[in-house]
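coords21.pdb (PDB, C-alpha atoms and all ligand atoms)
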ATOM      1  CA  MET G 121    -189.734   9.125  29.380
ATOM      2  CA  SER G 122    -187.978   6.125  27.817
ATOM      3  CA  GLU G 123    -186.074   6.623  24.556
ATOM      4  CA  ALA G 124    -187.852   5.556  21.347
ATOM      5  CA  PRO G 125    -186.350   2.469  19.716
ATOM      6  CA  LEU G 126    -184.030   3.216  16.829
ATOM      7  CA  LEU G 127    -186.297   1.205  14.520
ATOM      8  CA  ASN G 128    -189.949   0.451  15.163
ATOM      9  CA  VAL G 129    -191.907  -1.593  12.625
ATOM     10  CA  VAL G 130    -195.669  -1.741  13.235
ATOM     11  CA  ASP G 131    -198.177  -4.014  11.454
ATOM     12  CA  LEU G 132    -196.257  -3.801   8.194
ATOM     13  CA  VAL G 133    -197.868  -5.300   5.094
ATOM     14  CA  LYS G 134    -196.535  -5.473   1.538
ATOM     15  CA  GLN G 135    -198.634  -6.905  -1.276
ATOM     16  CA  PHE G 136    -197.446  -7.310  -4.863
ATOM     17  CA  PRO G 137    -199.880  -7.514  -7.783
ATOM     18  CA  LEU G 138    -199.794 -10.580  -9.961
ATOM     19  CA  GLY G 139    -200.562 -10.022 -13.640
ATOM     20  CA  GLY G 140    -202.678  -7.088 -14.808
ATOM     21  CA  GLY G 141    -201.318  -3.870 -16.313
ATOM     22  CA  ILE G 142    -202.129  -0.201 -16.828
ATOM     23  CA  LEU G 143    -205.744  -0.911 -17.734
ATOM     24  CA  ALA G 144    -206.242  -4.422 -16.417
ATOM     25  CA  LYS G 145    -206.749  -5.379 -12.795
ATOM     26  CA  PRO G 146    -204.190  -7.722 -11.202
ATOM     27  CA  ARG G 147    -205.158 -11.406 -11.337
ATOM     28  CA  ALA G 148    -204.212 -11.804  -7.691
ATOM     29  CA  TRP G 149    -202.183 -10.253  -4.892
ATOM     30  CA  ILE G 150    -199.209 -11.832  -3.166
ATOM     31  CA  LYS G 151    -198.700 -10.882   0.475
ATOM     32  CA  ALA G 152    -194.908 -10.852   0.781
ATOM     33  CA  VAL G 153    -194.986  -9.265   4.248
ATOM     34  CA  ASP G 154    -198.058  -9.924   6.353
ATOM     35  CA  GLY G 155    -198.557  -7.770   9.461
ATOM     36  CA  VAL G 156    -195.003  -7.751  10.846
ATOM     37  CA  SER G 157    -194.122  -5.819  14.036
ATOM     38  CA  PHE G 158    -190.816  -5.567  15.894
ATOM     39  CA  ALA G 159    -188.475  -2.965  17.377
ATOM     40  CA  VAL G 160    -184.685  -2.633  17.359
ATOM     41  CA  SER G 161    -182.874  -0.748  20.130
ATOM     42  CA  ARG G 162    -179.741   1.338  19.697
ATOM     43  CA  GLY G 163    -176.673  -0.868  19.650
ATOM     44  CA  GLU G 164    -178.715  -4.017  19.043
ATOM     45  CA  SER G 165    -178.195  -6.617  16.321
ATOM     46  CA  PHE G 166    -181.547  -8.004  15.231
ATOM     47  CA  GLY G 167    -181.703 -11.085  13.017
ATOM     48  CA  LEU G 168    -184.376 -11.920  10.446
ATOM     49  CA  VAL G 169    -184.104 -15.538   9.422
ATOM     50  CA  GLY G 170    -186.121 -17.875   7.207
ATOM     51  CA  GLU G 171    -186.153 -19.783   3.946
ATOM     52  CA  SER G 172    -185.936 -18.109   0.574
ATOM     53  CA  GLY G 173    -189.253 -16.411  -0.215
ATOM     54  CA  CYS G 174    -190.317 -15.913   3.415
ATOM     55  CA  GLY G 175    -190.412 -12.120   2.987
ATOM     56  CA  LYS G 176    -187.262 -11.164   4.894
ATOM     57  CA  THR G 177    -185.572  -9.366   1.975
ATOM     58  CA  THR G 178    -188.803  -7.499   1.133
ATOM     59  CA  LEU G 179    -188.950  -6.449   4.785
ATOM     60  CA  GLY G 180    -185.371  -5.142   4.569
ATOM     61  CA  ARG G 181    -186.194  -3.136   1.446
ATOM     62  CA  LEU G 182    -189.269  -1.683   3.146
ATOM     63  CA  ILE G 183    -187.177  -0.544   6.133
ATOM     64  CA  LEU G 184    -184.854   1.257   3.711
ATOM     65  CA  ARG G 185    -187.919   2.610   1.899
ATOM     66  CA  LEU G 186    -186.636   1.270  -1.372
ATOM     67  CA  ILE G 187    -190.216   0.062  -1.820
ATOM     68  CA  GLU G 188    -193.410   1.451  -0.287
ATOM     69  CA  PRO G 189    -195.508  -0.601   2.138
ATOM     70  CA  SER G 190    -199.166  -1.412   1.486
ATOM     71  CA  GLU G 191    -200.032  -0.853   5.167
ATOM     72  CA  GLY G 192    -198.311  -0.218   8.468
ATOM     73  CA  ARG G 193    -195.713   2.071   9.970
ATOM     74  CA  ILE G 194    -191.905   2.274  10.032
ATOM     75  CA  GLU G 195    -190.357   4.633  12.588
ATOM     76  CA  ILE G 196    -186.711   5.640  12.801
ATOM     77  CA  ALA G 197    -185.913   7.223  16.178
ATOM     78  CA  GLY G 198    -189.622   7.942  16.650
ATOM     79  CA  ARG G 199    -190.247   9.493  13.179
ATOM     80  CA  ASP G 200    -192.651   7.766  10.823
ATOM     81  CA  ILE G 201    -190.601   7.514   7.623
ATOM     82  CA  ILE G 202    -193.605   6.633   5.451
ATOM     83  CA  ALA G 203    -194.987  10.121   6.076
ATOM     84  CA  LEU G 204    -191.735  11.859   5.044
ATOM     85  CA  SER G 205    -191.363  13.704   1.756
ATOM     86  CA  ARG G 206    -188.648  12.673  -0.686
ATOM     87  CA  SER G 207    -186.301  15.451   0.495
ATOM     88  CA  GLU G 208    -186.947  14.713   4.182
ATOM     89  CA  MET G 209    -186.301  11.042   3.497
ATOM     90  CA  GLY G 210    -183.048  11.964   1.734
ATOM     91  CA  ALA G 211    -181.808  13.696   4.884
ATOM     92  CA  LEU G 212    -182.777  10.720   7.027
ATOM     93  CA  ARG G 213    -181.298   8.189   4.631
ATOM     94  CA  ARG G 214    -177.776   8.698   5.908
ATOM     95  CA  LYS G 215    -178.906   7.178   9.222
ATOM     96  CA  ILE G 216    -179.780   3.908   7.456
ATOM     97  CA  GLN G 217    -177.451   2.132   5.069
ATOM     98  CA  ILE G 218    -177.415  -1.276   3.410
ATOM     99  CA  ILE G 219    -174.864  -4.000   2.837
ATOM    100  CA  PHE G 220    -175.917  -6.088  -0.147
ATOM    101  CA  GLN G 221    -175.758  -9.833  -0.587
ATOM    102  CA  ASP G 222    -173.728  -9.973  -3.757
ATOM    103  CA  PRO G 223    -170.387  -8.171  -3.565
ATOM    104  CA  TYR G 224    -169.904  -8.809  -7.300
ATOM    105  CA  SER G 225    -172.963  -6.996  -8.658
ATOM    106  CA  SER G 226    -173.329  -4.365  -5.911
ATOM    107  CA  LEU G 227    -170.140  -2.455  -6.854
ATOM    108  CA  ASP G 228    -170.069  -0.484 -10.109
ATOM    109  CA  PRO G 229    -167.308  -2.148 -12.172
ATOM    110  CA  ARG G 230    -166.532   1.158 -13.973
ATOM    111  CA  MET G 231    -165.793   3.082 -10.775
ATOM    112  CA  LYS G 232    -162.604   3.067  -8.753
ATOM    113  CA  VAL G 233    -162.894   2.141  -5.080
ATOM    114  CA  GLU G 234    -162.507   5.772  -3.992
ATOM    115  CA  GLY G 235    -165.528   6.795  -6.066
ATOM    116  CA  ILE G 236    -167.580   3.816  -4.834
ATOM    117  CA  ILE G 237    -166.933   4.542  -1.164
ATOM    118  CA  THR G 238    -167.428   8.296  -1.375
ATOM    119  CA  GLU G 239    -170.574   8.170  -3.518
ATOM    120  CA  PRO G 240    -172.985   8.483  -0.539
ATOM    121  CA  LEU G 241    -170.728  11.178   0.920
ATOM    122  CA  ARG G 242    -170.940  13.324  -2.226
ATOM    123  CA  ALA G 243    -174.732  13.302  -1.988
ATOM    124  CA  THR G 244    -174.952  14.222   1.683
ATOM    125  CA  GLN G 245    -171.940  16.302   2.767
ATOM    126  CA  LYS G 246    -169.987  19.287   1.458
ATOM    127  CA  LEU G 247    -166.402  18.072   1.551
ATOM    128  CA  SER G 248    -163.516  18.775  -0.791
ATOM    129  CA  LYS G 249    -162.224  15.974  -3.006
ATOM    130  CA  LYS G 250    -159.136  15.729  -0.815
ATOM    131  CA  GLN G 251    -161.248  15.419   2.343
ATOM    132  CA  ARG G 252    -163.436  12.750   0.746
ATOM    133  CA  ARG G 253    -160.375  10.783  -0.301
ATOM    134  CA  GLU G 254    -159.052  10.944   3.257
ATOM    135  CA  VAL G 255    -162.373   9.675   4.667
ATOM    136  CA  ALA G 256    -162.366   6.812   2.138
ATOM    137  CA  ALA G 257    -158.737   5.912   2.933
ATOM    138  CA  GLU G 258    -159.446   5.763   6.676
ATOM    139  CA  LEU G 259    -162.501   3.568   6.129
ATOM    140  CA  LEU G 260    -160.603   1.230   3.829
ATOM    141  CA  GLU G 261    -158.035   0.718   6.561
ATOM    142  CA  LYS G 262    -160.799   0.129   9.119
ATOM    143  CA  VAL G 263    -162.173  -2.721   6.991
ATOM    144  CA  GLY G 264    -158.746  -4.306   6.539
ATOM    145  CA  LEU G 265    -157.768  -2.992   3.102
ATOM    146  CA  ARG G 266    -155.005  -0.557   2.144
ATOM    147  CA  ARG G 267    -154.909   3.087   1.152
ATOM    148  CA  ILE G 268    -153.447   2.189  -2.251
ATOM    149  CA  ASP G 269    -156.571   0.148  -2.983
ATOM    150  CA  LEU G 270    -158.479   3.424  -3.475
ATOM    151  CA  ASP G 271    -157.235   3.612  -7.058
ATOM    152  CA  LYS G 272    -158.191   0.074  -8.049
ATOM    153  CA  TYR G 273    -161.327  -1.271  -9.713
ATOM    154  CA  PRO G 274    -163.681  -3.886  -8.162
ATOM    155  CA  HIS G 275    -162.496  -6.682 -10.488
ATOM    156  CA  GLU G 276    -159.040  -6.488  -8.863
ATOM    157  CA  PHE G 277    -160.454  -7.803  -5.542
ATOM    158  CA  SER G 278    -161.687 -11.150  -4.185
ATOM    159  CA  GLY G 279    -165.317 -11.622  -3.066
ATOM    160  CA  GLY G 280    -164.444 -11.073   0.602
ATOM    161  CA  GLN G 281    -162.470  -7.915  -0.216
ATOM    162  CA  ARG G 282    -165.365  -6.591  -2.299
ATOM    163  CA  GLN G 283    -167.721  -7.134   0.608
ATOM    164  CA  ARG G 284    -165.277  -5.157   2.789
ATOM    165  CA  ILE G 285    -165.499  -2.316   0.242
ATOM    166  CA  GLY G 286    -169.318  -2.543   0.446
ATOM    167  CA  ILE G 287    -169.078  -2.265   4.234
ATOM    168  CA  ALA G 288    -166.764   0.768   3.965
ATOM    169  CA  ARG G 289    -169.282   2.396   1.607
ATOM    170  CA  ALA G 290    -172.101   1.772   4.082
ATOM    171  CA  LEU G 291    -170.050   3.320   6.921
ATOM    172  CA  CYS G 292    -169.058   6.394   4.920
ATOM    173  CA  VAL G 293    -171.961   8.577   6.086
ATOM    174  CA  ARG G 294    -171.725   7.354   9.701
ATOM    175  CA  PRO G 295    -175.107   5.567   9.782
ATOM    176  CA  GLU G 296    -176.862   4.474  12.965
ATOM    177  CA  LEU G 297    -178.594   1.454  11.437
ATOM    178  CA  ILE G 298    -177.278  -0.960   8.825
ATOM    179  CA  VAL G 299    -179.545  -3.434   7.050
ATOM    180  CA  ALA G 300    -177.283  -6.308   6.028
ATOM    181  CA  ASP G 301    -179.069  -8.506   3.468
ATOM    182  CA  GLU G 302    -177.389 -11.928   3.377
ATOM    183  CA  PRO G 303    -173.989 -10.184   3.594
ATOM    184  CA  VAL G 304    -171.912 -13.379   3.688
ATOM    185  CA  SER G 305    -173.992 -15.947   1.796
ATOM    186  CA  ALA G 306    -172.131 -15.342  -1.490
ATOM    187  CA  LEU G 307    -168.717 -15.827   0.180
ATOM    188  CA  ASP G 308    -166.608 -18.922   0.836
ATOM    189  CA  VAL G 309    -167.169 -20.385   4.301
ATOM    190  CA  SER G 310    -163.605 -19.500   5.336
ATOM    191  CA  ILE G 311    -164.189 -15.843   4.410
ATOM    192  CA  GLN G 312    -167.642 -15.647   5.996
ATOM    193  CA  ALA G 313    -166.241 -15.736   9.551
ATOM    194  CA  GLN G 314    -163.758 -12.950   8.758
ATOM    195  CA  VAL G 315    -166.492 -10.650   7.438
ATOM    196  CA  ILE G 316    -168.841 -11.457  10.345
ATOM    197  CA  ASN G 317    -166.058 -10.730  12.860
ATOM    198  CA  LEU G 318    -165.296  -7.467  11.062
ATOM    199  CA  MET G 319    -168.959  -6.439  11.276
ATOM    200  CA  GLU G 320    -168.959  -7.308  14.981
ATOM    201  CA  ASP G 321    -165.876  -5.119  15.605
ATOM    202  CA  LEU G 322    -167.243  -2.220  13.555
ATOM    203  CA  LYS G 323    -170.528  -2.356  15.460
ATOM    204  CA  GLU G 324    -168.707  -1.460  18.651
ATOM    205  CA  GLU G 325    -166.431   1.119  17.087
ATOM    206  CA  PHE G 326    -169.131   2.960  15.127
ATOM    207  CA  ASN G 327    -171.950   2.417  17.654
ATOM    208  CA  LEU G 328    -174.090   0.673  15.050
ATOM    209  CA  SER G 329    -177.314  -1.299  15.133
ATOM    210  CA  TYR G 330    -177.860  -4.087  12.605
ATOM    211  CA  VAL G 331    -180.852  -5.697  10.997
ATOM    212  CA  PHE G 332    -179.138  -8.847   9.834
ATOM    213  CA  ILE G 333    -181.049 -10.826   7.197
ATOM    214  CA  SER G 334    -180.037 -14.414   6.499
ATOM    215  CA  HIS G 335    -181.354 -17.859   5.600
ATOM    216  CA  ASP G 336    -178.599 -19.305   7.823
ATOM    217  CA  LEU G 337    -179.610 -19.527  11.471
ATOM    218  CA  SER G 338    -176.051 -20.325  12.608
ATOM    219  CA  VAL G 339    -174.751 -17.028  11.144
ATOM    220  CA  VAL G 340    -177.580 -15.032  12.718
ATOM    221  CA  GLN G 341    -177.036 -16.715  16.088
ATOM    222  CA  TYR G 342    -173.395 -15.733  16.010
ATOM    223  CA  ILE G 343    -173.883 -12.006  15.509
ATOM    224  CA  CYS G 344    -177.401 -11.146  16.726
ATOM    225  CA  ASP G 345    -178.835 -10.291  20.153
ATOM    226  CA  ARG G 346    -182.392 -11.221  19.162
ATOM    227  CA  ILE G 347    -183.807 -13.275  16.312
ATOM    228  CA  ALA G 348    -187.127 -13.228  14.466
ATOM    229  CA  VAL G 349    -187.991 -16.327  12.433
ATOM    230  CA  MET G 350    -190.146 -15.591   9.382
ATOM    231  CA  TYR G 351    -192.424 -17.960   7.500
ATOM    232  CA  LEU G 352    -194.644 -17.005   4.550
ATOM    233  CA  GLY G 353    -194.452 -13.274   5.237
ATOM    234  CA  GLY G 354    -195.003 -13.349   8.998
ATOM    235  CA  ILE G 355    -192.938 -13.693  12.165
ATOM    236  CA  VAL G 356    -193.575 -17.075  13.809
ATOM    237  CA  GLU G 357    -191.051 -16.790  16.659
ATOM    238  CA  LEU G 358    -189.113 -13.891  18.178
ATOM    239  CA  ALA G 359    -186.741 -14.216  21.128
ATOM    240  CA  SER G 360    -183.266 -13.458  22.385
ATOM    241  CA  THR G 361    -180.447 -15.511  20.880
ATOM    242  CA  ARG G 362    -179.881 -16.914  24.373
ATOM    243  CA  ASP G 363    -183.496 -18.176  24.479
ATOM    244  CA  PHE G 364    -183.107 -19.747  21.051
ATOM    245  CA  SER G 365    -180.054 -21.612  22.264
ATOM    246  CA  VAL G 366    -181.845 -22.848  25.398
ATOM    247  CA  SER G 367    -185.296 -23.737  24.134
ATOM    248  CA  THR G 368    -187.147 -22.880  20.973
ATOM    249  CA  ARG G 369    -190.934 -23.042  20.824
ATOM    250  CA  HIS G 370    -192.078 -23.099  17.197
ATOM    251  CA  PRO G 371    -191.977 -26.287  15.082
ATOM    252  CA  TYR G 372    -190.564 -24.361  12.105
ATOM    253  CA  THR G 373    -187.666 -23.020  14.195
ATOM    254  CA  GLU G 374    -187.093 -26.600  15.322
ATOM    255  CA  VAL G 375    -186.606 -27.606  11.694
ATOM    256  CA  LEU G 376    -184.252 -24.687  11.060
ATOM    257  CA  LEU G 377    -182.197 -25.599  14.133
ATOM    258  CA  LYS G 378    -181.923 -29.235  13.125
ATOM    259  CA  SER G 379    -180.625 -28.190   9.737
ATOM    260  CA  VAL G 380    -177.721 -26.240  11.305
ATOM    261  CA  PRO G 381    -174.602 -28.417  10.882
ATOM    262  CA  LEU G 382    -172.813 -29.249  14.136
ATOM    263  CA  PRO G 383    -169.172 -28.158  14.234
ATOM    264  CA  ASP G 384    -168.144 -31.422  15.967
ATOM    265  CA  PRO G 385    -167.637 -34.269  13.426
ATOM    266  CA  HIS G 386    -167.901 -36.899  16.202
ATOM    267  CA  ARG G 387    -171.463 -35.892  17.084
ATOM    268  CA  ARG G 388    -174.257 -37.082  14.865
ATOM    269  CA  THR G 389    -177.821 -35.985  14.450
ATOM    270  CA  GLU G 390    -180.612 -37.806  12.680
ATOM    271  CA  PRO G 391    -181.592 -36.182   9.386
ATOM    272  CA  PHE G 392    -184.794 -34.239   9.862
ATOM    273  CA  ALA G 393    -187.416 -34.583   7.154
ATOM    274  CA  MET G 394    -189.705 -31.612   6.594
ATOM    275  CA  GLU G 395    -193.151 -32.637   5.393
ATOM    276  CA  GLY G 396    -194.685 -31.086   2.270
ATOM    277  CA  ASP G 397    -193.557 -28.287  -0.012
ATOM    278  CA  VAL G 398    -193.242 -24.567   0.566
ATOM    279  CA  PRO G 399    -196.835 -23.283   0.184
ATOM    280  CA  ASN G 400    -197.770 -21.169  -2.799
ATOM    281  CA  PRO G 401    -197.973 -17.540  -1.537
ATOM    282  CA  ILE G 402    -200.731 -16.836  -4.101
ATOM    283  CA  ASP G 403    -202.894 -19.393  -2.360
ATOM    284  CA  PRO G 404    -201.575 -19.661   1.216
ATOM    285  CA  PRO G 405    -202.874 -22.429   3.507
ATOM    286  CA  THR G 406    -205.821 -21.753   5.782
ATOM    287  CA  GLY G 407    -205.146 -21.565   9.512
ATOM    288  CA  CYS G 408    -201.511 -21.828  10.538
ATOM    289  CA  PRO G 409    -199.394 -21.222   7.399
ATOM    290  CA  PHE G 410    -196.954 -23.933   8.525
ATOM    291  CA  HIS G 411    -199.594 -26.665   9.070
ATOM    292  CA  PRO G 412    -199.075 -28.546   5.755
ATOM    293  CA  ARG G 413    -195.473 -29.242   6.817
ATOM    294  CA  CYS G 414    -195.802 -29.498  10.577
ATOM    295  CA  HIS G 415    -195.097 -32.735  12.474
ATOM    296  CA  TYR G 416    -197.221 -31.573  15.397
ATOM    297  CA  LYS G 417    -200.353 -30.326  13.615
ATOM    298  CA  PHE G 418    -203.807 -31.085  14.980
ATOM    299  CA  ASP G 419    -207.359 -30.163  13.978
ATOM    300  CA  ARG G 420    -207.328 -26.513  15.033
ATOM    301  CA  CYS G 421    -204.141 -25.796  13.060
ATOM    302  CA  SER G 422    -205.782 -25.906   9.625
ATOM    303  CA  LEU G 423    -208.782 -23.847  10.768
ATOM    304  CA  GLU G 424    -207.454 -20.860  12.716
ATOM    305  CA  LYS G 425    -204.285 -18.816  12.330
ATOM    306  CA  PRO G 426    -202.389 -18.617  15.639
ATOM    307  CA  PRO G 427    -201.530 -15.068  16.758
ATOM    308  CA  LEU G 428    -197.974 -14.097  17.747
ATOM    309  CA  ILE G 429    -198.197 -14.063  21.537
ATOM    310  CA  GLU G 430    -195.787 -13.869  24.460
ATOM    311  CA  ALA G 431    -195.424 -17.542  25.390
ATOM    312  CA  ALA G 432    -192.693 -16.721  27.915
ATOM    313  CA  PRO G 433    -191.105 -13.409  28.990
ATOM    314  CA  ASP G 434    -189.824 -11.628  25.833
ATOM    315  CA  HIS G 435    -190.382 -14.813  23.816
ATOM    316  CA  LEU G 436    -193.091 -14.497  21.145
ATOM    317  CA  VAL G 437    -194.498 -17.529  19.337
ATOM    318  CA  ALA G 438    -197.297 -18.061  16.805
ATOM    319  CA  CYS G 439    -198.362 -21.664  17.427
ATOM    320  CA  TRP G 440    -201.466 -23.276  18.959
ATOM    321  CA  LEU G 441    -199.426 -26.148  20.300
ATOM    322  CA  ASN G 442    -196.985 -24.847  22.783
ATOM    323  CA  GLY G 443    -198.918 -22.405  24.952
ATOM    324  CA  GLY G 444    -195.522 -21.582  26.359
ATOM    325  CA  GLN G 445    -194.102 -25.017  27.187
ATOM    326  CA  GLY G 446    -191.606 -24.967  24.336
ATOM    327  CA  LEU G 447    -190.458 -27.851  22.201
ATOM    328  CA  GLY G 448    -187.303 -28.357  24.194
ATOM    329  CA  MET G 449    -184.987 -27.985  21.202
ATOM    330  CA  LYS G 450    -181.446 -27.026  22.056
ATOM    331  CA  ILE G 451    -178.592 -26.141  19.773
ATOM    332  CA  GLU G 452    -175.975 -27.921  21.847
ATOM    333  CA  ASP G 453    -178.117 -30.999  22.581
TER
HETATM  334 FE1  LIG G 501    -197.712 -26.749  13.872
HETATM  335 FE2  LIG G 501    -200.196 -26.216  14.648
HETATM  336 FE3  LIG G 501    -198.183 -24.928  15.746
HETATM  337 FE4  LIG G 501    -198.869 -24.428  13.255
HETATM  338  S1  LIG G 501    -200.118 -24.034  15.057
HETATM  339  S2  LIG G 501    -196.815 -24.707  13.997
HETATM  340  S3  LIG G 501    -199.466 -26.456  12.549
HETATM  341  S4  LIG G 501    -198.611 -27.132  15.894
END

What does this structure look like when you write it as structure tokens?
Amino acid sequence: MSEAPLLNVVDLVKQFPLGGGILAKPRAWIKAVDGVSFAVSRGESFGLVGESGCGKTTLGRLILRLIEPSEGRIEIAGRDIIALSRSEMGALRRKIQIIFQDPYSSLDPRMKVEGIITEPLRATQKLSKKQRREVAAELLEKVGLRRIDLDKYPHEFSGGQRQRIGIARALCVRPELIVADEPVSALDVSIQAQVINLMEDLKEEFNLSYVFISHDLSVVQYICDRIAVMYLGGIVELASTRDFSVSTRHPYTEVLLKSVPLPDPHRRTEPFAMEGDVPNPIDPPTGCPFHPRCHYKFDRCSLEKPPLIEAAPDHLVACWLNGGQGLGMKIED
């Protein structure tokens, strides 16, 4: 029997009420996540990419069960975590940790680094203070900081160093899966590469899997084995990073790829104009949610929503157009 994936997300839906109150019904519902399914294997880095408001952060919070889904299933190593009680979930929580986007607000400014890193450890393991300090010191060194930094406060560090402390905190309970929510977007470009490389090294050393959430396709391509592109709460394309770099198949991914800056200043690309505005999630478009902005749309697109289907081996696409031919977009074109 084959091993269950480390993470299995099945038909996940999250709706938020708009307006209303204790006695009043909501005026409307916003579908932030709309029937999303994917699986992440052990040792895999899985990227979720899309514009702000596409539902990727909500999806990350659902996986961590920081919020409850409206429908669907989330399995960790074959166990449905939605069905778990609070205490059962507490025991499982050490398998899944998070790295937050903002290294400035995610660390308690009143706590010393030792206390910040060992906080999850205090809740889950019976270790003496001396043992906890030793664990924290070792982790600090793993993320490129020094033992003496244990006694400092967050304000004494740069943004990149604070994110390293956040990573050390996530590693403290030896998780199997880390959800990294825009972990480098608040950092200077020069620091971003250092933190990404650190996460890559730690993945090998600690045998981790990542769900890596970002609006930046170039960052996700660098660290992830597979990528899911999200638009208006749903996945519109899912493939290996290799497939993305050879040929993408969804018009929205095409736009995302064209917006990735080329590292070579001698090579030029024509600016790519996206049609229309981001649709209002309270009143999403009929048919394909991308049709108001799509260069390739035709009659069927505004009438029927395309399902996410396997357009090529292990390459899923939700678009009436391609039927598997692909758009021929390449990163290194
Ligand atoms: Fe564009 Fe139509 Fe494909 Fe939607 S289904 S992405 S509108 S071509």

Checklist entry - Quick one: distance from atom CA of G:Asp154 to atom CA of G:Phe364 in Å, one decimal? => result 23.2 Å

Shell around G:Gly167 at 12 Å using all atoms listed in the file, local window under 6 positions removed, as a short mmCIF file (atom, residue, chain, number, x, y, z; two decimals) with C-alpha atoms, in the coordinates of the input:
data_model
loop_
_atom_site.label_atom_id
_atom_site.label_comp_id
_atom_site.auth_asym_id
_atom_site.auth_seq_id
_atom_site.Cartn_x
_atom_site.Cartn_y
_atom_site.Cartn_z
CA PHE G 158 -190.82 -5.57 15.89
CA ALA G 159 -188.48 -2.96 17.38
CA VAL G 160 -184.68 -2.63 17.36
CA LYS G 176 -187.26 -11.16 4.89
CA THR G 177 -185.57 -9.37 1.98
CA LEU G 179 -188.95 -6.45 4.78
CA GLY G 180 -185.37 -5.14 4.57
CA ILE G 298 -177.28 -0.96 8.82
CA VAL G 299 -179.54 -3.43 7.05
CA ALA G 300 -177.28 -6.31 6.03
CA ASP G 301 -179.07 -8.51 3.47
CA GLU G 302 -177.39 -11.93 3.38
CA SER G 329 -177.31 -1.30 15.13
CA TYR G 330 -177.86 -4.09 12.60
CA VAL G 331 -180.85 -5.70 11.00
CA PHE G 332 -179.14 -8.85 9.83
CA ILE G 333 -181.05 -10.83 7.20
CA SER G 334 -180.04 -14.41 6.50
CA HIS G 335 -181.35 -17.86 5.60
CA ASP G 336 -178.60 -19.30 7.82
CA LEU G 337 -179.61 -19.53 11.47
CA SER G 338 -176.05 -20.32 12.61
CA VAL G 339 -174.75 -17.03 11.14
CA VAL G 340 -177.58 -15.03 12.72
CA GLN G 341 -177.04 -16.72 16.09
CA TYR G 342 -173.40 -15.73 16.01
CA ILE G 343 -173.88 -12.01 15.51
CA CYS G 344 -177.40 -11.15 16.73
CA ASP G 345 -178.84 -10.29 20.15
CA ARG G 346 -182.39 -11.22 19.16
CA ILE G 347 -183.81 -13.28 16.31
CA ALA G 348 -187.13 -13.23 14.47
CA VAL G 349 -187.99 -16.33 12.43
CA MET G 350 -190.15 -15.59 9.38
CA ILE G 355 -192.94 -13.69 12.16
CA GLU G 357 -191.05 -16.79 16.66
CA LEU G 358 -189.11 -13.89 18.18
CA ALA G 359 -186.74 -14.22 21.13
CA SER G 360 -183.27 -13.46 22.38
CA THR G 361 -180.45 -15.51 20.88
CA PHE G 364 -183.11 -19.75 21.05
#

Next on the checklist: Counting only C-alpha atoms and all ligand atoms, which residue out of G:Arg413, G:Arg252, G:Arg193, G:Lys246 sits closest to ligand LIG 501 (chain G)?
Outcome noted: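 Under the stated criterion, the closest residue is G:Arg413.
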
Checklist entry - Evaluating the PyMOL selection byres (((not hetatm)) within 8 of (chain G and resi 501)) on the displayed file yields which residues, as an NGL selection string? => result :G and (370-372 or 407-418 or 420-422 or 425-426 or 438-442)

Next on the checklist: Can you pull out the residues contacting G:Leu322? Cut-off 10 Å, using only C-alpha atoms, and skip same-chain residues under 4 positions away; I want them as an NGL selection string.
Outcome noted: :G and (262-263 or 287 or 291 or 316-318 or 326-328)

Item to check | Residues within 12 Å of (-156.2, 0.5, -4.5), counting all atoms listed in the file, listed as a ChimeraX atom specification | outcome: /G:231-237,253,256-257,260-261,265-277,281-282,285

Output as lines of an AutoDock Vina configuration file the centre and edge lengths (Å, one decimal) of the box along x, y and z of the file that holds every listed atom of stretch 201-206 of chain G after adding 8 Å on each side.
center_x = -191.8
center_y = 10.2
center_z = 3.5
size_x = 22.3
size_y = 23.1
size_z = 24.3

Checklist entry - Interatomic distance between atom CA of G:Pro189 and atom CA of G:Val437? => result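 Separation between atom CA of G:Pro189 and atom CA of G:Val437: 24.2 Å.
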
Checklist entry - For the file shown, what are the residues hit by the PyMOL selection byres (((chain G and resi 184-186) around 12) and not hetatm), laid out as a ChimeraX atom specification? => result /G:127,129,134,177-183,187-190,193-196,200-206,209-210,212-219,297-301,331

Next on the checklist: Could you list, as a VMD selection string, every residue matched by the PyMOL selection byres (((chain G and resi 155) around 6) and not hetatm) in this structure?
Outcome noted: chain G and resid 131 to 133 154 156

Checklist outcome for this item: Nearest to G:Gly173, restricted to only C-alpha atoms and choosing among G:Ala197, G:Ala124, G:Leu241, G:Val398, comes out as G:Val398

Next on the checklist: Under the rule that all atoms listed in the file are counted, which of G:Gly353, G:Gly192, G:Gly264, G:Gly163 is the nearest residue to G:Gln314?
Outcome noted: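 Under the stated criterion, the closest residue is G:Gly264.
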
Checklist entry - In Å, how far is it from atom CA of G:Ser165 to atom CA of G:Glu374? => result 21.9 Å

Item to check | Residues within 8 Å of G:Val315, only C-alpha atoms, excluding chain neighbours under 6 positions, as a list in words | outcome: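 Non-adjacent residues within range: Gly280, Gln283, Arg284 and Val304 of chain G.
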
Checklist entry - Nearest to G:Glu320: which of G:Ala148, G:Leu143, G:Arg230, G:Glu164 is it, counting all atoms listed in the file? => result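 Among the listed residues, the smallest separation from G:Glu320 belongs to G:Glu164.
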
Checklist entry - For G:Leu259, which of G:Val309, G:Ile142, G:Leu227, G:Val293 is the closest residue, counting all atoms listed in the file? => result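 Smallest distance to G:Leu259 is found for G:Val293.
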